[in-house]
$ cat input_13.pdb   # PDB, C-alpha atoms
ATOM      1  CA  MET A   1     117.676 107.453 133.200
ATOM      2  CA  THR A   2     117.948 107.366 129.431
ATOM      3  CA  VAL A   3     115.373 107.203 126.677
ATOM      4  CA  ASP A   4     115.350 104.259 124.292
ATOM      5  CA  ILE A   5     115.211 106.332 121.100
ATOM      6  CA  VAL A   6     114.490 103.349 118.849
ATOM      7  CA  GLY A   7     111.743 101.970 121.092
ATOM      8  CA  PHE A   8     110.310 105.476 121.572
ATOM      9  CA  SER A   9     110.212 106.090 117.810
ATOM     10  CA  ILE A  10     108.609 102.735 117.005
ATOM     11  CA  THR A  11     105.954 103.055 119.719
ATOM     12  CA  LEU A  12     105.165 106.657 118.796
ATOM     13  CA  GLY A  13     104.981 105.708 115.122
ATOM     14  CA  ILE A  14     102.546 102.864 115.829
ATOM     15  CA  THR A  15     100.235 104.978 117.982
ATOM     16  CA  SER A  16     100.355 107.826 115.446
ATOM     17  CA  VAL A  17      99.477 105.524 112.550
ATOM     18  CA  ILE A  18      96.608 104.003 114.557
ATOM     19  CA  SER A  19      95.360 107.479 115.444
ATOM     20  CA  LEU A  20      95.458 108.746 111.849
ATOM     21  CA  GLY A  21      94.000 105.547 110.399
ATOM     22  CA  SER A  22      91.135 105.363 112.881
ATOM     23  CA  GLY A  23      90.451 109.082 112.365
ATOM     24  CA  TRP A  24      90.121 108.502 108.618
ATOM     25  CA  TRP A  25      87.931 105.425 109.266
ATOM     26  CA  CYS A  26      85.669 107.487 111.535
ATOM     27  CA  ILE A  27      85.207 110.263 108.970
ATOM     28  CA  ASN A  28      84.671 107.791 106.125
ATOM     29  CA  ASN A  29      81.943 105.893 108.009
ATOM     30  CA  LEU A  30      80.177 109.115 108.973
ATOM     31  CA  LYS A  31      80.217 110.204 105.318
ATOM     32  CA  LYS A  32      78.678 106.873 104.286
ATOM     33  CA  ALA A  33      75.938 107.205 106.902
ATOM     34  CA  ARG A  34      75.151 110.740 105.723
ATOM     35  CA  TYR A  35      74.938 109.666 102.073
ATOM     36  CA  LEU A  36      72.471 106.922 103.003
ATOM     37  CA  LEU A  37      70.292 109.154 105.172
ATOM     38  CA  ASP A  38      70.352 112.188 102.839
ATOM     39  CA  THR A  39      69.610 110.355  99.572
ATOM     40  CA  PRO A  40      65.839 109.860  99.051
ATOM     41  CA  THR A  41      64.561 106.502  97.833
ATOM     42  CA  SER A  42      63.616 106.559  94.135
ATOM     43  CA  LYS A  43      61.436 104.341  91.985
ATOM     44  CA  VAL A  44      63.124 102.560  89.074
ATOM     45  CA  ARG A  45      60.636 103.914  86.515
ATOM     46  CA  SER A  46      61.077 107.563  87.537
ATOM     47  CA  ALA A  47      64.626 107.633  88.942
ATOM     48  CA  ALA A  48      66.828 110.486  87.769
ATOM     49  CA  GLN A  49      70.111 109.741  86.063
ATOM     50  CA  GLY A  50      72.980 109.834  88.540
ATOM     51  CA  TYR A  51      73.399 108.898  92.203
ATOM     52  CA  VAL A  52      70.210 107.270  93.516
ATOM     53  CA  GLU A  53      68.880 104.974  96.218
ATOM     54  CA  LEU A  54      66.624 102.037  95.314
ATOM     55  CA  TYR A  55      64.748  99.470  97.385
ATOM     56  CA  GLY A  56      63.124  96.360  95.975
ATOM     57  CA  VAL A  57      63.307  92.581  95.660
ATOM     58  CA  LEU A  58      65.925  90.437  93.956
ATOM     59  CA  LYS A  59      64.698  88.643  90.850
ATOM     60  CA  GLU A  60      66.326  85.870  88.865
ATOM     61  CA  GLY A  61      67.262  88.322  86.104
ATOM     62  CA  LEU A  62      69.958  86.864  83.880
ATOM     63  CA  GLY A  63      69.940  83.517  85.694
ATOM     64  CA  GLN A  64      71.072  81.911  88.914
ATOM     65  CA  GLN A  65      74.398  80.299  89.795
ATOM     66  CA  SER A  66      75.909  77.893  92.306
ATOM     67  CA  ALA A  67      78.036  79.193  95.158
ATOM     68  CA  PRO A  68      81.579  77.717  94.929
ATOM     69  CA  LEU A  69      81.918  76.309  98.458
ATOM     70  CA  THR A  70      78.414  75.127  99.350
ATOM     71  CA  GLY A  71      76.896  74.604  95.912
ATOM     72  CA  GLU A  72      73.798  76.529  97.029
ATOM     73  CA  THR A  73      71.755  78.246  94.293
ATOM     74  CA  CYS A  74      71.969  82.044  94.511
ATOM     75  CA  VAL A  75      72.266  85.220  92.424
ATOM     76  CA  TRP A  76      75.454  86.525  94.105
ATOM     77  CA  TRP A  77      78.208  84.956  96.201
ATOM     78  CA  SER A  78      81.533  85.720  97.792
ATOM     79  CA  PHE A  79      83.862  83.446  99.697
ATOM     80  CA  ALA A  80      87.115  83.489 101.634
ATOM     81  CA  ILE A  81      89.364  80.638 102.729
ATOM     82  CA  ASP A  82      91.715  81.210 105.683
ATOM     83  CA  GLU A  83      94.511  78.904 106.771
ATOM     84  CA  GLN A  84      95.617  78.570 110.381
ATOM     85  CA  VAL A  85      99.339  79.333 110.599
ATOM     86  CA  ARG A  86     101.782  79.659 113.450
ATOM     87  CA  SER A  87     102.722  83.146 114.572
ATOM     88  CA  GLY A  88     105.548  82.938 117.030
ATOM     89  CA  LYS A  89     106.313  79.972 119.250
ATOM     90  CA  ASN A  90     102.885  79.197 120.703
ATOM     91  CA  ASN A  91     100.509  81.531 118.868
ATOM     92  CA  LYS A  92      98.336  80.805 115.863
ATOM     93  CA  ARG A  93      96.538  83.133 113.500
ATOM     94  CA  TRP A  94      94.304  82.961 110.432
ATOM     95  CA  GLN A  95      95.865  83.931 107.114
ATOM     96  CA  GLN A  96      93.691  84.401 104.034
ATOM     97  CA  VAL A  97      94.781  82.175 101.168
ATOM     98  CA  GLU A  98      91.909  82.553  98.710
ATOM     99  CA  LYS A  99      88.900  84.784  98.074
ATOM    100  CA  ALA A 100      86.570  85.643  95.194
ATOM    101  CA  SER A 101      83.134  87.072  94.442
ATOM    102  CA  SER A 102      80.706  86.733  91.565
ATOM    103  CA  ALA A 103      80.462  89.398  88.877
ATOM    104  CA  ALA A 104      77.123  88.379  87.322
ATOM    105  CA  LEU A 105      74.520  91.143  86.989
ATOM    106  CA  LEU A 106      71.776  91.269  89.634
ATOM    107  CA  CYS A 107      68.167  92.262  88.969
ATOM    108  CA  LEU A 108      66.243  94.480  91.403
ATOM    109  CA  SER A 109      62.486  94.936  90.938
ATOM    110  CA  ASP A 110      60.411  97.482  92.854
ATOM    111  CA  GLY A 111      57.042  97.074  91.141
ATOM    112  CA  THR A 112      57.610  99.995  88.756
ATOM    113  CA  GLY A 113      60.424  98.398  86.773
ATOM    114  CA  ASP A 114      63.569  96.295  86.814
ATOM    115  CA  CYS A 115      67.129  97.517  87.268
ATOM    116  CA  LEU A 116      70.212  95.462  86.440
ATOM    117  CA  ILE A 117      73.048  95.933  88.934
ATOM    118  CA  ASP A 118      76.749  95.418  88.291
ATOM    119  CA  PRO A 119      78.031  94.295  91.740
ATOM    120  CA  GLN A 120      81.718  94.884  90.976
ATOM    121  CA  GLY A 121      83.150  97.408  93.411
ATOM    122  CA  ALA A 122      80.104  97.283  95.706
ATOM    123  CA  HIS A 123      80.108  96.920  99.479
ATOM    124  CA  VAL A 124      77.707  93.952  99.759
ATOM    125  CA  ILE A 125      75.988  93.207 103.083
ATOM    126  CA  PRO A 126      73.912  90.014 102.610
ATOM    127  CA  LEU A 127      71.570  88.190 104.972
ATOM    128  CA  THR A 128      73.229  84.804 104.423
ATOM    129  CA  LYS A 129      76.713  84.236 105.824
ATOM    130  CA  GLN A 130      78.107  80.794 106.650
ATOM    131  CA  VAL A 131      81.361  80.065 108.489
ATOM    132  CA  TRP A 132      82.737  76.563 109.088
ATOM    133  CA  TYR A 133      86.033  74.712 109.441
ATOM    134  CA  GLY A 134      87.829  71.813 107.844
ATOM    135  CA  SER A 135      91.148  70.091 107.263
ATOM    136  CA  THR A 136      91.432  70.560 103.473
ATOM    137  CA  ARG A 137      92.114  73.669 101.369
ATOM    138  CA  HIS A 138      88.730  73.347  99.656
ATOM    139  CA  PRO A 139      85.758  71.989 101.632
ATOM    140  CA  ARG A 140      83.848  68.887 100.620
ATOM    141  CA  GLN A 141      80.512  69.930  99.114
ATOM    142  CA  GLU A 142      78.436  67.801 101.511
ATOM    143  CA  LEU A 143      79.789  69.359 104.719
ATOM    144  CA  PRO A 144      78.170  72.822 104.537
ATOM    145  CA  ARG A 145      74.741  71.356 103.824
ATOM    146  CA  LYS A 146      74.586  68.550 106.394
ATOM    147  CA  ASN A 147      77.497  68.601 108.797
ATOM    148  CA  ILE A 148      78.577  72.205 109.442
ATOM    149  CA  LEU A 149      78.285  71.780 113.223
ATOM    150  CA  GLN A 150      80.168  68.493 113.080
ATOM    151  CA  SER A 151      83.006  70.056 111.113
ATOM    152  CA  MET A 152      83.191  72.952 113.591
ATOM    153  CA  LEU A 153      83.404  70.586 116.558
ATOM    154  CA  SER A 154      85.983  68.290 115.001
ATOM    155  CA  GLY A 155      89.484  68.359 116.393
ATOM    156  CA  VAL A 156      91.229  69.493 113.211
ATOM    157  CA  LYS A 157      90.618  73.111 112.171
ATOM    158  CA  ARG A 158      93.367  73.980 109.739
ATOM    159  CA  TYR A 159      91.095  75.913 107.400
ATOM    160  CA  ARG A 160      88.209  78.333 107.915
ATOM    161  CA  TYR A 161      85.628  78.821 105.154
ATOM    162  CA  THR A 162      83.370  81.865 104.863
ATOM    163  CA  GLU A 163      80.658  82.172 102.236
ATOM    164  CA  GLN A 164      78.102  84.949 101.748
ATOM    165  CA  ARG A 165      75.139  84.837  99.363
ATOM    166  CA  LEU A 166      72.191  86.787  97.967
ATOM    167  CA  HIS A 167      69.091  84.825  96.942
ATOM    168  CA  VAL A 168      66.060  85.352  94.732
ATOM    169  CA  ASP A 169      63.078  87.074  96.445
ATOM    170  CA  GLU A 170      65.252  88.590  99.175
ATOM    171  CA  PRO A 171      64.875  92.348  99.819
ATOM    172  CA  LEU A 172      67.651  94.507  98.418
ATOM    173  CA  TYR A 173      68.693  98.034  99.305
ATOM    174  CA  ALA A 174      70.950  99.572  96.649
ATOM    175  CA  ILE A 175      72.642 102.955  96.334
ATOM    176  CA  GLY A 176      74.899 103.837  93.414
ATOM    177  CA  ASP A 177      75.111 105.431  89.973
ATOM    178  CA  PHE A 178      71.881 104.995  87.973
ATOM    179  CA  VAL A 179      71.884 105.099  84.163
ATOM    180  CA  THR A 180      69.223 104.268  81.568
ATOM    181  CA  ARG A 181      69.974 102.946  78.082
ATOM    182  CA  GLY A 182      67.503 102.964  75.177
ATOM    183  CA  GLY A 183      63.987 104.352  75.196
ATOM    184  CA  GLY A 184      65.258 107.745  74.012
ATOM    185  CA  HIS A 185      67.426 108.236  77.123
ATOM    186  CA  ASP A 186      70.783 107.908  75.358
ATOM    187  CA  ALA A 187      72.614 111.095  74.463
ATOM    188  CA  PHE A 188      72.773 111.477  70.696
ATOM    189  CA  ASP A 189      75.674 113.163  68.880
ATOM    190  CA  LEU A 190      74.562 113.528  65.250
ATOM    191  CA  THR A 191      77.974 114.645  63.975
ATOM    192  CA  ALA A 192      79.841 111.776  65.662
ATOM    193  CA  THR A 193      77.328 109.182  64.457
ATOM    194  CA  GLN A 194      77.412 110.608  60.933
ATOM    195  CA  GLY A 195      81.211 110.380  60.933
ATOM    196  CA  ALA A 196      81.066 106.782  62.138
ATOM    197  CA  VAL A 197      78.675 105.894  59.294
ATOM    198  CA  ILE A 198      80.963 107.488  56.696
ATOM    199  CA  ARG A 199      84.002 105.637  58.076
ATOM    200  CA  GLU A 200      82.097 102.377  57.849
ATOM    201  CA  TRP A 201      81.119 103.111  54.242
ATOM    202  CA  LYS A 202      84.732 103.972  53.371
ATOM    203  CA  GLY A 203      85.683 100.460  54.451
ATOM    204  CA  ASP A 204      83.880  99.289  51.297
ATOM    205  CA  PHE A 205      85.047 102.054  48.962
ATOM    206  CA  SER A 206      83.971 100.213  45.820
ATOM    207  CA  GLY A 207      80.452  99.999  47.203
ATOM    208  CA  LEU A 208      80.623 103.706  48.061
ATOM    209  CA  LEU A 209      81.557 104.482  44.440
ATOM    210  CA  ARG A 210      78.704 102.370  43.108
ATOM    211  CA  ARG A 211      76.234 104.350  45.193
ATOM    212  CA  PHE A 212      77.506 107.910  44.774
ATOM    213  CA  ASP A 213      79.883 108.143  41.754
ATOM    214  CA  ARG A 214      77.371 109.459  39.226
ATOM    215  CA  ASP A 215      79.826 110.208  36.405
ATOM    216  CA  ARG A 216      81.549 106.832  36.883
ATOM    217  CA  ASN A 217      85.056 108.268  36.766
ATOM    218  CA  GLY A 218      86.232 106.254  39.789
ATOM    219  CA  GLN A 219      86.387 109.329  42.053
ATOM    220  CA  LEU A 220      84.030 111.327  44.232
ATOM    221  CA  ASP A 221      83.984 115.057  43.546
ATOM    222  CA  GLU A 222      82.825 117.721  46.018
ATOM    223  CA  HIS A 223      79.175 117.492  44.938
ATOM    224  CA  GLU A 224      79.201 113.699  45.264
ATOM    225  CA  TRP A 225      80.850 113.910  48.735
ATOM    226  CA  HIS A 226      78.069 116.316  49.719
ATOM    227  CA  ARG A 227      75.557 113.620  48.789
ATOM    228  CA  VAL A 228      77.562 111.080  50.852
ATOM    229  CA  ARG A 229      77.372 113.352  53.907
ATOM    230  CA  GLU A 230      73.633 113.910  53.445
ATOM    231  CA  ALA A 231      72.982 110.166  53.147
ATOM    232  CA  ALA A 232      75.158 109.476  56.212
ATOM    233  CA  GLU A 233      73.199 112.060  58.229
ATOM    234  CA  GLN A 234      69.923 110.384  57.262
ATOM    235  CA  GLU A 235      71.353 106.985  58.237
ATOM    236  CA  ALA A 236      72.533 108.373  61.604
ATOM    237  CA  GLN A 237      69.052 109.737  62.330
ATOM    238  CA  ARG A 238      67.516 106.388  61.369
ATOM    239  CA  LEU A 239      69.845 104.575  63.773
ATOM    240  CA  HIS A 240      68.904 106.986  66.559
ATOM    241  CA  ARG A 241      65.166 106.421  65.948
ATOM    242  CA  GLN A 242      65.763 102.676  66.019
ATOM    243  CA  LEU A 243      67.635 102.835  69.322
ATOM    244  CA  SER A 244      65.016 105.152  70.823
ATOM    245  CA  ALA A 245      62.304 102.634  69.945
ATOM    246  CA  ASP A 246      64.046  99.916  71.984
ATOM    247  CA  PRO A 247      62.654  99.462  75.513
ATOM    248  CA  ALA A 248      64.519 101.345  78.203
ATOM    249  CA  GLN A 249      66.977  99.290  80.285
ATOM    250  CA  HIS A 250      68.057 100.594  83.693
ATOM    251  CA  PHE A 251      71.450  99.905  85.251
ATOM    252  CA  LEU A 252      73.077 100.589  88.637
ATOM    253  CA  ARG A 253      76.860 100.633  88.925
ATOM    254  CA  LYS A 254      79.763 101.933  90.992
ATOM    255  CA  PRO A 255      79.842 105.767  91.018
ATOM    256  CA  GLN A 256      82.809 107.452  89.396
ATOM    257  CA  GLU A 257      82.993 109.876  92.319
ATOM    258  CA  SER A 258      83.699 108.941  95.936
ATOM    259  CA  GLN A 259      80.077 108.188  96.868
ATOM    260  CA  PRO A 260      79.475 104.797  98.505
ATOM    261  CA  PHE A 261      78.212 101.910  96.383
ATOM    262  CA  ILE A 262      76.248  99.601  98.704
ATOM    263  CA  LEU A 263      74.060  96.542  98.137
ATOM    264  CA  SER A 264      72.394  95.122 101.225
ATOM    265  CA  SER A 265      69.636  92.767 102.336
ATOM    266  CA  HIS A 266      69.197  95.059 105.357
ATOM    267  CA  GLY A 267      67.284  98.336 105.393
ATOM    268  CA  GLU A 268      68.757 101.820 105.121
ATOM    269  CA  ASP A 269      68.406 102.622 108.839
ATOM    270  CA  ASP A 270      70.149  99.402 109.901
ATOM    271  CA  ILE A 271      73.098 100.058 107.583
ATOM    272  CA  ALA A 272      73.374 103.711 108.644
ATOM    273  CA  LYS A 273      73.395 102.672 112.319
ATOM    274  CA  ARG A 274      76.135 100.170 111.568
ATOM    275  CA  PHE A 275      78.278 102.895 109.985
ATOM    276  CA  VAL A 276      77.604 105.277 112.899
ATOM    277  CA  TRP A 277      78.667 102.666 115.481
ATOM    278  CA  GLN A 278      81.779 101.914 113.467
ATOM    279  CA  ALA A 279      82.510 105.643 113.386
ATOM    280  CA  ILE A 280      82.075 105.875 117.176
ATOM    281  CA  PHE A 281      84.429 102.922 117.696
ATOM    282  CA  ALA A 282      86.962 104.497 115.321
ATOM    283  CA  ALA A 283      86.690 107.843 117.132
ATOM    284  CA  CYS A 284      87.364 106.153 120.487
ATOM    285  CA  LEU A 285      90.354 104.349 118.982
ATOM    286  CA  CYS A 286      91.627 107.616 117.488
ATOM    287  CA  ILE A 287      91.315 109.482 120.792
ATOM    288  CA  GLY A 288      92.899 106.615 122.734
ATOM    289  CA  SER A 289      95.854 106.450 120.329
ATOM    290  CA  ALA A 290      96.296 110.218 120.432
ATOM    291  CA  VAL A 291      96.290 110.168 124.242
ATOM    292  CA  ALA A 292      98.822 107.314 124.203
ATOM    293  CA  SER A 293     101.052 109.288 121.816
ATOM    294  CA  ALA A 294     100.849 112.362 124.035
ATOM    295  CA  PHE A 295     101.661 110.257 127.104
ATOM    296  CA  ILE A 296     104.693 108.695 125.387
ATOM    297  CA  ILE A 297     106.013 112.094 124.299
ATOM    298  CA  ASN A 298     105.414 113.620 127.750
ATOM    299  CA  SER A 299     107.069 110.682 129.544
ATOM    300  CA  SER A 300     110.079 110.810 127.243
ATOM    301  CA  PHE A 301     110.587 114.529 127.749
ATOM    302  CA  SER A 302     110.211 114.121 131.511
ATOM    303  CA  ILE A 303     112.949 111.472 131.489
ATOM    304  CA  LEU A 304     115.217 113.726 129.416
ATOM    305  CA  LEU A 305     114.647 116.737 131.665
ATOM    306  CA  ASN A 306     115.114 114.789 134.888
ATOM    307  CA  GLY A 307     117.879 112.558 133.582
TER     308      GLY A 307
END
$ encode --input "input_13.pdb" --output "structure tokens"
Amino acid sequence: MTVDIVGFSITLGITSVISLGSGWWCINNLKKARYLLDTPTSKVRSAAQGYVELYGVLKEGLGQQSAPLTGETCVWWSFAIDEQVRSGKNNKRWQQVEKASSAALLCLSDGTGDCLIDPQGAHVIPLTKQVWYGSTRHPRQELPRKNILQSMLSGVKRYRYTEQRLHVDEPLYAIGDFVTRGGGHDAFDLTATQGAVIREWKGDFSGLLRRFDRDRNGQLDEHEWHRVREAAEQEAQRLHRQLSADPAQHFLRKPQESQPFILSSHGEDDIAKRFVWQAIFAACLCIGSAVASAFIINSSFSILLNG
């Protein structure tokens, strides 16, 4: 007996890739679950700057929008359009041809304050998810509202539409990077602000001369430049006081580190359980692939030794 080296290499490569990929997926999901369970829930008003967990209700915030496929009013949407294509002689599969998600800021309120959320880069798990089928690349607006079941039961299913949405007054669990602007929370660099003021004044050098050229010789000597720097420092401090007087605005965004950024209509425990079950499935897949790889290697060596 001989070993098919090409077939052996391809099969071993596939099982090895599956094993490594599922192992990484398992570890990644366990890390997400641990972040969720180990991060205490904070209140918007008293949340520390940095990685935090919030729980509240979605408010209208900066306004509502219409979802692209259904036209339903919401504060966040995502959609995907899949086309049914042939794969082989008698097989068919779904191939994604279009997808998008909204980038408008969300507003979470927990009774102590409001927090604007930038959803870009977030793993969003909404309550509302609709899936239906049709024969055109883009669905007719009336189908999702009135005839979803009819479109699913129709004979022609060349396209599959999936739309997910978040709505006003729905609960929202959010974990990400929390930052507050205004209200005295902004870091203030006096030297940098003073320099920026001077550069702005230099843009109108004739105006600068009118203000600080006491001897009217068309130049600023060292003493006059000292007065420019003093005036710029006072202006920088005035700007800082003005910004500090503005009401504080809280934001949540994608962390710069590797921590998960999650927005969900489901509670923390439900999401953590979902990640744990995904990790268990990935671990089983990893072990199964590793066993298959070991079996392939053992069988191949047995054939070589006995051949």
$ resolve_selection --input "input_13.pdb" --expression "the PyMOL selection byres ((chain A and resi 19) around 9)" --output "list in words"
Ile14, Thr15, Ser16, Val17, Ile18, Leu20, Gly21, Ser22, Gly23, Trp24, Ala282, Ala283, Leu285, Cys286, Ile287, Gly288, Ser289, Ala290 and Ser293 of chain A
$ resolve_selection --input "input_13.pdb" --expression "the PyMOL selection byres ((chain A and resi 109) around 12)" --output "PyMOL selection string"
chain A and resi 43-45+54-61+106-108+110-117+168-174+250-251
$ closest_atom_pairs --input "input_13.pdb" --of "region 222-284 of chain A" --to "region 124-136 of chain A" --cutoff "6 Å" --atoms "all atoms listed in the file" --output "Markdown table"
| residue | atom | partner | partner_atom | distance |
| --- | --- | --- | --- | --- |
| A:Ile262 | CA | A:Val124 | CA | 5.9 |
| A:Leu263 | CA | A:Val124 | CA | 4.8 |
| A:Ser264 | CA | A:Ile125 | CA | 4.5 |
| A:Ser265 | CA | A:Pro126 | CA | 5.1 |
$ atom_distance --input "input_13.pdb" --atom1 "CA of Arg199 (chain A)" --atom2 "CA of His240 (chain A)"
17.4 Å
$ resolve_selection --input "input_13.pdb" --expression "the PyMOL selection byres ((chain A and resi 68) around 10)" --output "JSON, numbers by chain"
{"A": [65, 66, 67, 69, 70, 71, 72, 73, 77, 78, 79, 100, 101, 102, 138, 139, 141, 163]}
$ write_last_selection --input "input_13.pdb" --atoms "C-alpha atoms" --output "mmCIF file, in the frame of the given file"
data_model
loop_
_atom_site.group_PDB
_atom_site.id
_atom_site.type_symbol
_atom_site.label_atom_id
_atom_site.label_comp_id
_atom_site.auth_asym_id
_atom_site.auth_seq_id
_atom_site.Cartn_x
_atom_site.Cartn_y
_atom_site.Cartn_z
ATOM 1 C CA GLN A 65 74.398 80.299 89.795
ATOM 2 C CA SER A 66 75.909 77.893 92.306
ATOM 3 C CA ALA A 67 78.036 79.193 95.158
ATOM 4 C CA LEU A 69 81.918 76.309 98.458
ATOM 5 C CA THR A 70 78.414 75.127 99.350
ATOM 6 C CA GLY A 71 76.896 74.604 95.912
ATOM 7 C CA GLU A 72 73.798 76.529 97.029
ATOM 8 C CA THR A 73 71.755 78.246 94.293
ATOM 9 C CA TRP A 77 78.208 84.956 96.201
ATOM 10 C CA SER A 78 81.533 85.720 97.792
ATOM 11 C CA PHE A 79 83.862 83.446 99.697
ATOM 12 C CA ALA A 100 86.570 85.643 95.194
ATOM 13 C CA SER A 101 83.134 87.072 94.442
ATOM 14 C CA SER A 102 80.706 86.733 91.565
ATOM 15 C CA HIS A 138 88.730 73.347 99.656
ATOM 16 C CA PRO A 139 85.758 71.989 101.632
ATOM 17 C CA GLN A 141 80.512 69.930 99.114
ATOM 18 C CA GLU A 163 80.658 82.172 102.236
#
$ atom_distance --input "input_13.pdb" --atom1 "CA of His123 (chain A)" --atom2 "CA of Trp277 (chain A)"
17.1 Å
$ closest_residue --input "input_13.pdb" --among "A:Thr41, A:Asn29, A:Ser206, A:Gln96" --to "Glu268 (chain A)" --atoms "only C-alpha atoms"
A:Thr41
$ closest_residue --input "input_13.pdb" --among "A:Val85, A:Arg160, A:Gly176, A:Gln120" --to "Ser258 (chain A)" --atoms "only C-alpha atoms"
A:Gly176
$ atom_distance --input "input_13.pdb" --atom1 "CA of Gln219 (chain A)" --atom2 "CA of Glu235 (chain A)"
22.2 Å
$ closest_residue --input "input_13.pdb" --among "A:Gln84, A:Asp221, A:Gln278, A:Ile175" --to "Leu36 (chain A)" --atoms "all atoms listed in the file"
A:Ile175
$ residues_around --input "input_13.pdb" --residues "Val197 (chain A)" --least-positions-apart "2" --cutoff "12 Å" --atoms "all atoms listed in the file" --output "list in words"
Leu190, Thr191, Ala192, Thr193, Gln194, Gly195, Arg199, Glu200, Trp201, Lys202, Gly203, Asp204, Leu208, Val228, Arg229, Glu230, Ala231, Ala232, Glu233, Gln234, Glu235, Ala236, Gln237, Arg238 and Leu239 of chain A
$ residues_near_point --input "input_13.pdb" --point "(77.5, 105.5, 92.8)" --cutoff "9 Å" --atoms "only C-alpha atoms" --output "list in words"
Gly50, Tyr51, Val52, Ile175, Gly176, Asp177, Phe178, Leu252, Arg253, Lys254, Pro255, Gln256, Glu257, Ser258, Gln259, Pro260, Phe261 and Ile262 of chain A
$ residues_around --input "input_13.pdb" --residues "Glu83 (chain A)" --least-positions-apart "2" --cutoff "9 Å" --atoms "only C-alpha atoms" --output "number ranges by chain"
A: 81, 85, 93-97, 137, 157-160
$ build_atoms --input "input_13.pdb" --residues "region 226-239 of chain A" --atoms "N, CA and C atoms" --output "short mmCIF file (atom, residue, chain, number, x, y, z; two decimals), keeping the file's coordinate frame"
data_model
loop_
_atom_site.label_atom_id
_atom_site.label_comp_id
_atom_site.auth_asym_id
_atom_site.auth_seq_id
_atom_site.Cartn_x
_atom_site.Cartn_y
_atom_site.Cartn_z
N HIS A 226 79.17 115.66 49.02
CA HIS A 226 78.07 116.32 49.72
C HIS A 226 76.88 115.36 49.84
N ARG A 227 76.62 114.60 48.76
CA ARG A 227 75.56 113.62 48.79
C ARG A 227 75.87 112.48 49.78
N VAL A 228 77.15 112.10 49.87
CA VAL A 228 77.56 111.08 50.85
C VAL A 228 77.25 111.56 52.27
N ARG A 229 77.60 112.81 52.57
CA ARG A 229 77.37 113.35 53.91
C ARG A 229 75.88 113.45 54.22
N GLU A 230 75.08 113.84 53.23
CA GLU A 230 73.63 113.91 53.44
C GLU A 230 73.05 112.52 53.73
N ALA A 231 73.48 111.53 52.95
CA ALA A 231 72.98 110.17 53.15
C ALA A 231 73.42 109.62 54.50
N ALA A 232 74.66 109.93 54.92
CA ALA A 232 75.16 109.48 56.21
C ALA A 232 74.37 110.12 57.36
N GLU A 233 74.00 111.39 57.20
CA GLU A 233 73.20 112.06 58.23
C GLU A 233 71.83 111.40 58.36
N GLN A 234 71.21 111.06 57.22
CA GLN A 234 69.92 110.38 57.26
C GLN A 234 70.04 109.01 57.92
N GLU A 235 71.14 108.29 57.63
CA GLU A 235 71.35 106.98 58.24
C GLU A 235 71.56 107.11 59.74
N ALA A 236 72.30 108.15 60.17
CA ALA A 236 72.53 108.37 61.60
C ALA A 236 71.21 108.66 62.32
N GLN A 237 70.35 109.45 61.72
CA GLN A 237 69.05 109.74 62.33
C GLN A 237 68.18 108.49 62.39
N ARG A 238 68.27 107.64 61.36
CA ARG A 238 67.52 106.39 61.37
C ARG A 238 67.98 105.48 62.50
N LEU A 239 69.30 105.40 62.69
CA LEU A 239 69.84 104.58 63.77
C LEU A 239 69.38 105.09 65.13
#
